[in-house]
Each structure stands twice: as C-alpha cells, then as structure tokens.
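Structure file start-v6.cif; described as mmCIF, C-alpha atoms.
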data_work
#
loop_
_atom_site.label_atom_id
_atom_site.label_comp_id
_atom_site.auth_asym_id
_atom_site.auth_seq_id
_atom_site.Cartn_x
_atom_site.Cartn_y
_atom_site.Cartn_z
CA MET A 289 -131.54 -197.57 -69.31
CA MET A 290 -131.23 -199.63 -66.15
CA SER A 291 -128.28 -201.54 -67.48
CA GLN A 292 -126.48 -198.31 -68.36
CA ARG A 293 -126.81 -197.06 -64.80
CA LEU A 294 -125.44 -200.32 -63.39
CA THR A 295 -122.51 -200.16 -65.79
CA LEU A 296 -121.77 -196.56 -64.77
CA ARG A 297 -121.81 -197.45 -61.08
CA ARG A 298 -119.47 -200.37 -61.67
CA LYS A 299 -117.05 -198.09 -63.44
CA ARG A 300 -117.12 -195.61 -60.57
CA PHE A 301 -116.51 -198.35 -57.98
CA ALA A 302 -113.65 -199.67 -60.09
CA GLU A 303 -112.10 -196.21 -60.27
CA LEU A 304 -112.52 -195.78 -56.51
CA ARG A 305 -110.72 -199.06 -55.83
CA GLU A 306 -107.81 -197.95 -57.95
CA GLN A 307 -107.61 -194.51 -56.27
CA GLN A 308 -104.48 -194.31 -54.00
CA SER A 309 -104.22 -190.57 -53.30
CA GLY A 310 -105.56 -190.70 -49.70
CA VAL A 311 -104.00 -193.94 -48.52
CA ALA A 312 -100.77 -192.40 -47.19
CA PHE A 313 -102.67 -189.75 -45.25
CA THR A 314 -104.98 -192.35 -43.71
CA GLU A 315 -102.06 -194.56 -42.69
CA PHE A 316 -100.28 -191.57 -41.14
CA ALA A 317 -103.42 -190.61 -39.20
CA LEU A 318 -103.67 -194.15 -37.79
CA ALA A 319 -99.96 -194.27 -36.86
CA LEU A 320 -99.75 -190.73 -35.42
CA PRO A 321 -100.88 -191.62 -31.86
CA PHE A 322 -98.28 -194.39 -31.61
CA LEU A 323 -95.53 -192.17 -33.03
CA THR A 324 -96.46 -189.40 -30.60
CA MET A 325 -96.40 -191.76 -27.62
CA THR A 326 -93.00 -193.09 -28.67
CA LEU A 327 -91.58 -189.57 -28.98
CA LEU A 328 -93.02 -188.33 -25.69
CA GLY A 329 -91.98 -191.53 -23.90
CA GLY A 330 -88.42 -191.21 -25.16
CA LEU A 331 -88.15 -187.58 -24.06
CA GLU A 332 -89.64 -188.34 -20.65
CA LEU A 333 -87.31 -191.30 -20.13
CA VAL A 334 -84.29 -189.08 -20.84
CA HIS A 335 -85.64 -186.49 -18.40
CA LEU A 336 -86.10 -189.15 -15.72
CA MET A 337 -82.63 -190.61 -16.25
CA LEU A 338 -80.95 -187.20 -16.05
CA THR A 339 -82.82 -186.42 -12.84
CA HIS A 340 -81.69 -189.73 -11.32
CA GLN A 341 -78.12 -188.95 -12.33
CA GLN A 342 -78.19 -185.51 -10.74
CA ILE A 343 -79.70 -186.69 -7.45
CA SER A 344 -77.18 -189.54 -7.26
CA GLN A 345 -74.23 -187.23 -7.90
CA ILE A 346 -75.40 -184.72 -5.28
CA ALA A 347 -75.75 -187.44 -2.63
CA THR A 348 -72.30 -188.83 -3.35
CA SER A 349 -70.50 -185.49 -3.61
CA THR A 350 -72.16 -184.07 -0.47
CA ALA A 351 -71.09 -187.02 1.68
CA ASP A 352 -67.63 -187.22 0.12
CA LEU A 353 -66.83 -183.50 0.33
CA THR A 354 -67.99 -183.34 3.95
CA ALA A 355 -65.77 -186.29 4.84
CA ARG A 356 -62.77 -184.48 3.31
CA PHE A 357 -62.80 -181.59 5.77
CA GLN A 358 -59.87 -181.61 8.18
CA SER A 359 -59.48 -180.43 11.77
CA SER A 360 -63.05 -179.06 12.00
CA ILE A 361 -66.23 -178.34 10.11
CA ASP A 362 -68.29 -175.20 10.55
CA GLU A 363 -71.89 -174.19 9.90
CA THR A 364 -70.65 -171.98 7.08
CA ASP A 365 -69.01 -175.02 5.47
CA ILE A 366 -72.32 -176.91 5.56
CA GLU A 367 -74.15 -173.92 4.11
CA THR A 368 -71.56 -173.68 1.31
CA LEU A 369 -71.91 -177.39 0.55
CA PHE A 370 -75.70 -177.19 0.38
CA THR A 371 -75.65 -174.06 -1.78
CA GLY A 372 -73.09 -175.58 -4.14
CA ALA A 373 -75.15 -178.75 -4.41
CA GLN A 374 -78.25 -176.81 -5.44
CA LEU A 375 -76.36 -174.64 -7.92
CA SER A 376 -74.85 -177.70 -9.59
CA MET A 377 -78.30 -179.06 -10.39
CA SER A 378 -80.58 -178.00 -13.23
CA LEU A 379 -83.63 -178.52 -11.01
CA ASP A 380 -84.99 -175.03 -10.41
CA ASP A 381 -87.70 -176.31 -8.09
CA PHE A 382 -85.40 -178.37 -5.85
CA ASN A 383 -85.79 -176.06 -2.84
CA GLU A 384 -89.57 -176.53 -2.94
CA ASN A 385 -89.66 -180.17 -4.04
CA GLY A 386 -86.38 -181.58 -2.77
CA ARG A 387 -84.42 -182.12 0.43
CA ILE A 388 -80.82 -182.78 1.43
CA ILE A 389 -80.18 -184.35 4.85
CA LEU A 390 -76.59 -184.57 6.07
CA SER A 391 -75.85 -186.56 9.23
CA SER A 392 -72.71 -187.28 11.21
CA ILE A 393 -72.84 -190.77 12.76
CA THR A 394 -70.44 -192.30 15.28
CA ARG A 395 -70.57 -194.89 18.03
CA ASN A 396 -72.25 -193.62 21.19
CA PRO A 397 -70.19 -192.90 24.36
CA ASP A 398 -70.92 -196.37 25.78
CA ASP A 399 -70.10 -198.04 22.46
CA THR A 400 -73.45 -199.86 22.53
CA GLY A 401 -74.76 -198.55 19.20
CA ASN A 402 -74.62 -195.85 16.56
CA TRP A 403 -75.36 -192.23 17.39
CA VAL A 404 -76.49 -189.33 15.15
CA ARG A 405 -74.08 -186.69 16.43
CA TRP A 406 -75.44 -183.83 14.33
CA GLN A 407 -77.80 -183.41 11.42
CA ARG A 408 -78.42 -180.55 8.96
CA CYS A 409 -81.11 -180.23 6.29
CA ARG A 410 -81.90 -178.10 3.24
CA GLY A 411 -85.12 -178.12 1.20
CA GLN A 412 -88.85 -178.09 1.87
CA LEU A 413 -89.82 -181.60 0.79
CA ASP A 414 -91.57 -183.35 3.68
CA VAL A 415 -89.26 -186.32 4.20
CA GLU A 416 -87.25 -187.48 7.21
CA SER A 417 -83.97 -189.29 7.49
CA GLU A 418 -84.21 -193.07 7.36
CA ILE A 419 -81.72 -193.39 10.23
CA GLY A 420 -83.40 -191.00 12.67
CA ILE A 421 -82.89 -187.48 13.98
CA GLN A 422 -80.07 -185.69 15.76
CA ASP A 423 -79.07 -187.33 19.06
CA ASP A 424 -80.87 -190.60 18.27
CA GLY A 425 -78.90 -193.54 19.66
CA ARG A 426 -76.91 -191.48 22.15
CA ASN A 427 -77.88 -193.62 25.13
CA ASP A 428 -79.16 -196.82 23.51
CA SER A 429 -78.79 -199.14 20.55
CA SER A 430 -81.91 -198.02 18.68
CA LEU A 431 -80.05 -197.18 15.46
CA SER A 432 -79.16 -199.76 12.83
CA ASN A 433 -75.65 -201.18 13.10
CA THR A 434 -75.10 -200.73 9.38
CA ILE A 435 -75.59 -197.56 7.32
CA VAL A 436 -75.90 -198.20 3.56
CA GLY A 437 -74.18 -201.51 4.19
CA MET A 438 -71.28 -199.95 6.13
CA ASN A 439 -70.39 -200.86 9.71
CA ILE A 440 -69.20 -198.06 11.98
CA SER A 441 -66.46 -199.05 14.38
CA SER A 442 -65.39 -197.19 17.51
CA GLY A 443 -63.36 -194.11 16.58
CA ASN A 444 -64.86 -193.75 13.11
CA ASN A 445 -67.19 -190.98 11.95
CA LEU A 446 -69.56 -191.60 9.06
CA MET A 447 -70.90 -188.75 6.92
CA PHE A 448 -74.29 -189.83 5.62
CA ALA A 449 -76.09 -187.83 2.91
CA GLU A 450 -79.69 -188.39 1.81
CA VAL A 451 -81.08 -186.51 -1.18
CA SER A 452 -84.77 -186.75 -2.09
CA TYR A 453 -86.69 -185.10 -4.91
CA SER A 454 -90.36 -185.17 -5.86
CA TYR A 455 -90.20 -185.85 -9.59
CA THR A 456 -92.85 -184.39 -11.89
CA PRO A 457 -93.05 -185.52 -15.54
CA TRP A 458 -92.80 -182.97 -18.34
CA PHE A 459 -95.98 -184.07 -20.09
CA LEU A 460 -99.38 -183.99 -18.36
CA PRO A 461 -97.84 -184.09 -14.86
CA SER A 462 -100.56 -185.93 -13.00
CA ASP A 463 -100.97 -189.51 -11.83
CA SER A 464 -104.55 -189.35 -13.08
CA SER A 465 -103.57 -188.45 -16.66
CA PHE A 466 -104.07 -190.99 -19.41
CA LEU A 467 -100.31 -190.99 -20.12
CA SER A 468 -99.47 -192.28 -16.63
CA LYS A 469 -101.88 -195.15 -17.21
CA LEU A 470 -100.20 -196.02 -20.51
CA SER A 471 -96.64 -196.07 -19.14
CA PRO A 472 -95.08 -195.67 -15.66
CA VAL A 473 -92.45 -193.33 -17.10
CA PHE A 474 -95.13 -190.60 -17.08
CA SER A 475 -95.92 -191.08 -13.36
CA GLU A 476 -94.96 -188.77 -10.50
CA ARG A 477 -92.53 -190.33 -8.04
CA GLU A 478 -90.14 -189.58 -5.20
CA ILE A 479 -86.50 -190.20 -6.05
CA THR A 480 -84.11 -190.79 -3.15
CA TYR A 481 -80.37 -191.48 -3.18
CA ARG A 482 -78.16 -192.11 -0.15
CA SER A 483 -74.41 -192.09 0.18
CA ALA A 484 -71.97 -192.52 3.06
CA PHE A 485 -68.26 -191.84 3.52
CA ILE A 486 -66.04 -192.28 6.55
CA ALA A 487 -64.52 -188.96 7.63
CA ARG A 488 -60.77 -188.60 7.40
CA GLU A 489 -60.51 -186.65 10.65
CA LEU A 490 -62.10 -187.56 13.97
CA ALA A 491 -62.51 -183.86 14.85
CA LEU A 492 -65.44 -183.76 12.40
CA ASN A 493 -67.51 -185.37 15.16
CA ASP A 494 -68.57 -181.89 16.22
CA ILE A 495 -69.74 -178.91 14.19
CA THR A 496 -68.69 -175.37 15.08
CA ASN A 497 -70.30 -171.99 14.46
CA THR A 498 -67.41 -169.52 14.54
CA THR A 499 -69.38 -166.80 12.72
CA ASN A 500 -72.48 -167.11 14.93
CA MET A 501 -74.45 -167.93 11.83
CA ASN A 502 -78.22 -168.13 12.21
CA VAL A 503 -78.80 -171.77 11.28
CA PRO A 504 -82.36 -172.54 10.08
CA ASP A 505 -84.08 -175.06 12.32
CA ASN A 506 -85.45 -177.08 9.40
CA CYS A 507 -84.55 -180.56 10.60
CA PRO A 508 -86.98 -182.47 12.86
CA ALA A 509 -86.84 -181.68 16.54
CA THR A 510 -83.95 -183.43 18.24
CA ALA A 511 -84.36 -186.21 20.75
CA ASN A 512 -82.30 -184.27 23.30
CA PRO A 513 -82.72 -180.53 22.62
CA GLY A 514 -81.11 -179.44 25.89
CA GLY A 515 -77.60 -180.65 25.18
CA GLY A 516 -76.18 -181.44 21.83
CA ALA A 517 -73.52 -182.36 19.44
CA GLY A 518 -73.68 -179.18 17.41
CA ALA A 519 -72.93 -175.60 18.24
CA GLY A 520 -74.93 -172.67 17.04
CA GLY A 521 -78.55 -173.68 17.52
CA GLY A 522 -78.98 -175.51 14.23
CA GLY A 523 -81.22 -178.54 14.20
CA GLY A 524 -81.64 -178.43 17.97
CA GLY A 525 -77.94 -178.68 18.86
CA GLY A 526 -75.80 -176.53 21.09
CA GLY A 527 -77.75 -176.10 24.32
CA SER A 528 -76.45 -173.79 27.01
CA GLY A 529 -74.36 -175.09 29.87
CA PRO A 530 -71.85 -177.93 29.99
CA ASP A 531 -72.57 -181.23 28.34
CA PRO A 532 -73.63 -183.64 31.13
CA ASP A 533 -72.08 -186.52 29.21
CA PRO A 534 -68.69 -185.41 27.85
CA ASP A 535 -67.77 -186.92 24.53
CA PRO A 536 -64.81 -189.28 24.84
CA TYR A 537 -63.95 -188.81 21.16
CA ILE A 538 -63.45 -185.04 21.06
CA ASP A 539 -59.92 -183.93 20.30
CA PRO A 540 -58.74 -182.01 23.41
CA ASP A 541 -56.59 -179.74 21.29
CA PRO A 542 -57.77 -179.56 17.66
CA GLY A 543 -55.07 -177.04 16.81
CA SER A 544 -52.16 -179.23 17.83
CA GLY A 545 -53.40 -182.44 16.34
CA ASN A 546 -52.89 -184.31 19.62
CA GLY A 547 -55.47 -186.92 20.42
CA LYS A 548 -56.77 -187.28 16.86
CA LYS A 549 -57.52 -190.57 15.27
CA LYS A 550 -57.98 -191.06 11.59
CA GLY A 551 -60.74 -193.25 10.28
CA GLY A 552 -60.56 -195.19 7.08
CA THR A 553 -61.88 -193.86 3.82
CA GLY A 554 -64.53 -195.22 1.58
CA GLY A 555 -68.14 -194.83 0.65
CA LYS A 556 -71.28 -196.57 -0.47
CA ASN A 557 -74.54 -195.38 -1.86
CA GLY A 558 -78.04 -196.61 -2.49
CA TRP A 559 -81.19 -195.38 -4.21
CA LYS A 560 -84.88 -195.83 -4.63
CA GLY A 561 -87.63 -194.31 -6.71
CA PHE A 562 -86.98 -195.54 -10.25
#
Encoded form (structure tokens):
Amino acid sequence: MMSQRLTLRRKRFAELREQQSGVAFTEFALALPFLTMTLLGGLELVHLMLTHQQISQIATSTADLTARFQSSIDETDIETLFTGAQLSMSLDDFNENGRIILSSITRNPDDTGNWVRWQRCRGQLDVESEIGIQDDGRNDSSLSNTIVGMNISSGNNLMFAEVSYSYTPWFLPSDSSFLSKLSPVFSEREITYRSAFIARELALNDITNTTNMNVPDNCPATANPGGGAGAGGGGGGGGSGPDPDPDPYIDPDPGSGNGKKKGGTGGKNGWKGF
C-alpha cells in the first residue's frame, strides 16, 4: 500500500516536470517590467529630444529674425515675434512654464564695455537673463565682453535671445517618483537655449512704439528706470524728458539712411539642461 502511494507521487512529479503550459506566461510576467521600462524610456527620450529641438529653434529664429529688421524695430514687431514663436511650438504650457528674453546689446557710449540697450520678455517662468537687465553696463564694464562666444565691436548691435522651459516628463512627472530614480530621462529639468546674431542695421539700437502699445512690464526692473533705451514704457525704458547722455550711435535721420552703419552678420548659440 505504501509503495503504491510512493509510485503514484513519483508519477505526478514526473508529469509536473514535463508540463510546459505555464512556462511562457511566467517568463512574460518576469520580463514585463523590463519591457515596460524600455517602452516608456524610449517614448520619454523622444519627448525630451523634440522639446530640446523646439526650444533651440525658437532661440535661433527669434534672434535671427530680430536681427533682420531694417531701419527700425517697433514694440509691435517684438510682440509679433513672441506670438509667432509660441504658436510655432507644440508646448501648450509654455506661457506658464517657459520664458523668452530678447536683448539688444551694443558697446556703451564710452566704449568701455557692453551695454544692454533694451530687453523684452515673454512667459511666466521665473528666470533672469544671464547677461543682466536693461541698461546694465551703460556706464561701466560690468558686462561680459563676449556673448555666446561673440565679441561686440564698436558700431555693432547684437540681438541676444534666451529661451527657457521647465520640462515635465510624460510619465509620473515628479522627481520623487521611482521612474526618475531608475533613469534621468524621467526627471524634471530646466532647458535653456541661447542664440545671438549681429543686427544688419545700426538703427535697431533703439526700439520704437509708434502705436502707443501697452507693453507688459514683465522683465526685471531696469538699472536706470528714469532714462532708457526703449520707448513706450516696456521693461522700464522710455522715461520722460531728454536723455541726459545722448547716444552717439543713433541714426540722426533714419528715413534718409544717412549716418547708418551696417554691422556684420552671423550668429552663435548655446544650450544647457540636457
């Protein structure tokens, strides 16, 4: 009787060893987490790369298109550039989580350093320009001599665009999530691209406001709010009364073309946040 039971158990164990019906399911269950991570990581990497591409293109096109204006540039032109930049992106939250900073940089009147002639901003992300605020460097040499690796010589006007965006991953968007600990591609980050082009026309030193447009004061307070490089009250420019330090570079007659100097063309860009 005892021997029959042992024989029966051995037969059952032998049949169990030969049973293969659940092996594939078990292997799939073990591999599923790794397959899922690979799929999510691939999708997130594509998302990150496309975001980098868009921010880079906006920085380059904003600086380049601004530098292409001739004779003068107006507040409405800046507003059009900023609006077009946002519409060309597929980032619906850019206004809340992004920022575009456009600065015009020349040599100061004493030719002792660079000067932020005017600066305009769009977006609510809390970042400031790496070069400073409007009117920085007007009376000193506090600004860097090179902007994105470019030297500004007397008579040239550099259009400098900085575009920043607070990137949020698609999947479990939190730095405390387990995915961000497994791979940095799932981490939140700030992406910033910078680009600079030398303006073709010296008259772009100043910004006009022919339509009396109400320019949002969303750039940091200027270093010299009483007198300024910009008209129309945007970013702290355009104070009342004559400028106590007339600009030696302003074209005395923009309409005639007399007194203009043309700067060279070219541009460079840089980035951070990958």
- Task: Translate the PyMOL selection byres ((chain A and resi 339) around 10), as applied to the file shown, into an explicit residue set as a VMD selection string.
- Result: chain A and resid 333 to 338 340 to 345 377 to 379 453 455 479
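Residues matched by the PyMOL selection byres ((chain A and resi 357-367) around 6) in this file are Thr354, Ala355, Arg356, Thr368, Leu369, Phe370, Glu489, Ala491, Leu492, Ile495, Thr496 and Asn497 of chain A.
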Can you list, as a VMD selection string, every protein, DNA or RNA residue that comes within 12 Å of Ser432 in chain A when you count all atoms listed in the file, leaving out same-chain residues fewer than 4 positions away? chain A and resid 393 to 395 400 to 404 418 to 420 424 to 425 428 436 to 440
Top pick for closest residue to Ser454 in chain A, considering A:Arg477, A:Arg405, A:Arg297, A:Arg488 and counting all atoms listed in the file: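 Checking each of A:Arg477, A:Arg405, A:Arg297, A:Arg488 against Ser454 in chain A, counting all atoms listed in the file, the winner is A:Arg477.
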Review point. Rounded to one decimal in Å, what is the spacing between CA of Pro504 in chain A and CA of Cys409 in chain A?
Key: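 According to the coordinates, CA of Pro504 in chain A and CA of Cys409 in chain A are separated by 8.7 Å.
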Among A:Ala449, A:Met325, A:Val503, A:Leu390, Arg482 in chain A is approached most closely, using only C-alpha atoms, by A:Ala449
Separating CA of Arg426 in chain A from CA of Asn493 in chain A, to the nearest tenth of an Å, is a gap of 13.2 Å
Pairwise distance, CA of Asp494 in chain A with CA of Ser442 in chain A, equals 15.7 Å
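Minimum atom-to-atom distance to Ser483 in chain A, evaluated using all atoms listed in the file, belongs to A:Ile435 out of A:Leu467, A:Ala302, A:Ile435, A:Leu460.
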- Name the residues captured by the PyMOL selection byres ((chain A and resi 421) around 9) when it is applied to the shown file; answer as a PyMOL selection string. chain A and resi 391+404+406-407+416-420+422-424+507-511
With distances taken over all atoms listed in the file, the candidate from A:Ser291, A:Thr314, A:Ser452, A:Gln412 nearest Glu478 in chain A is A:Ser452
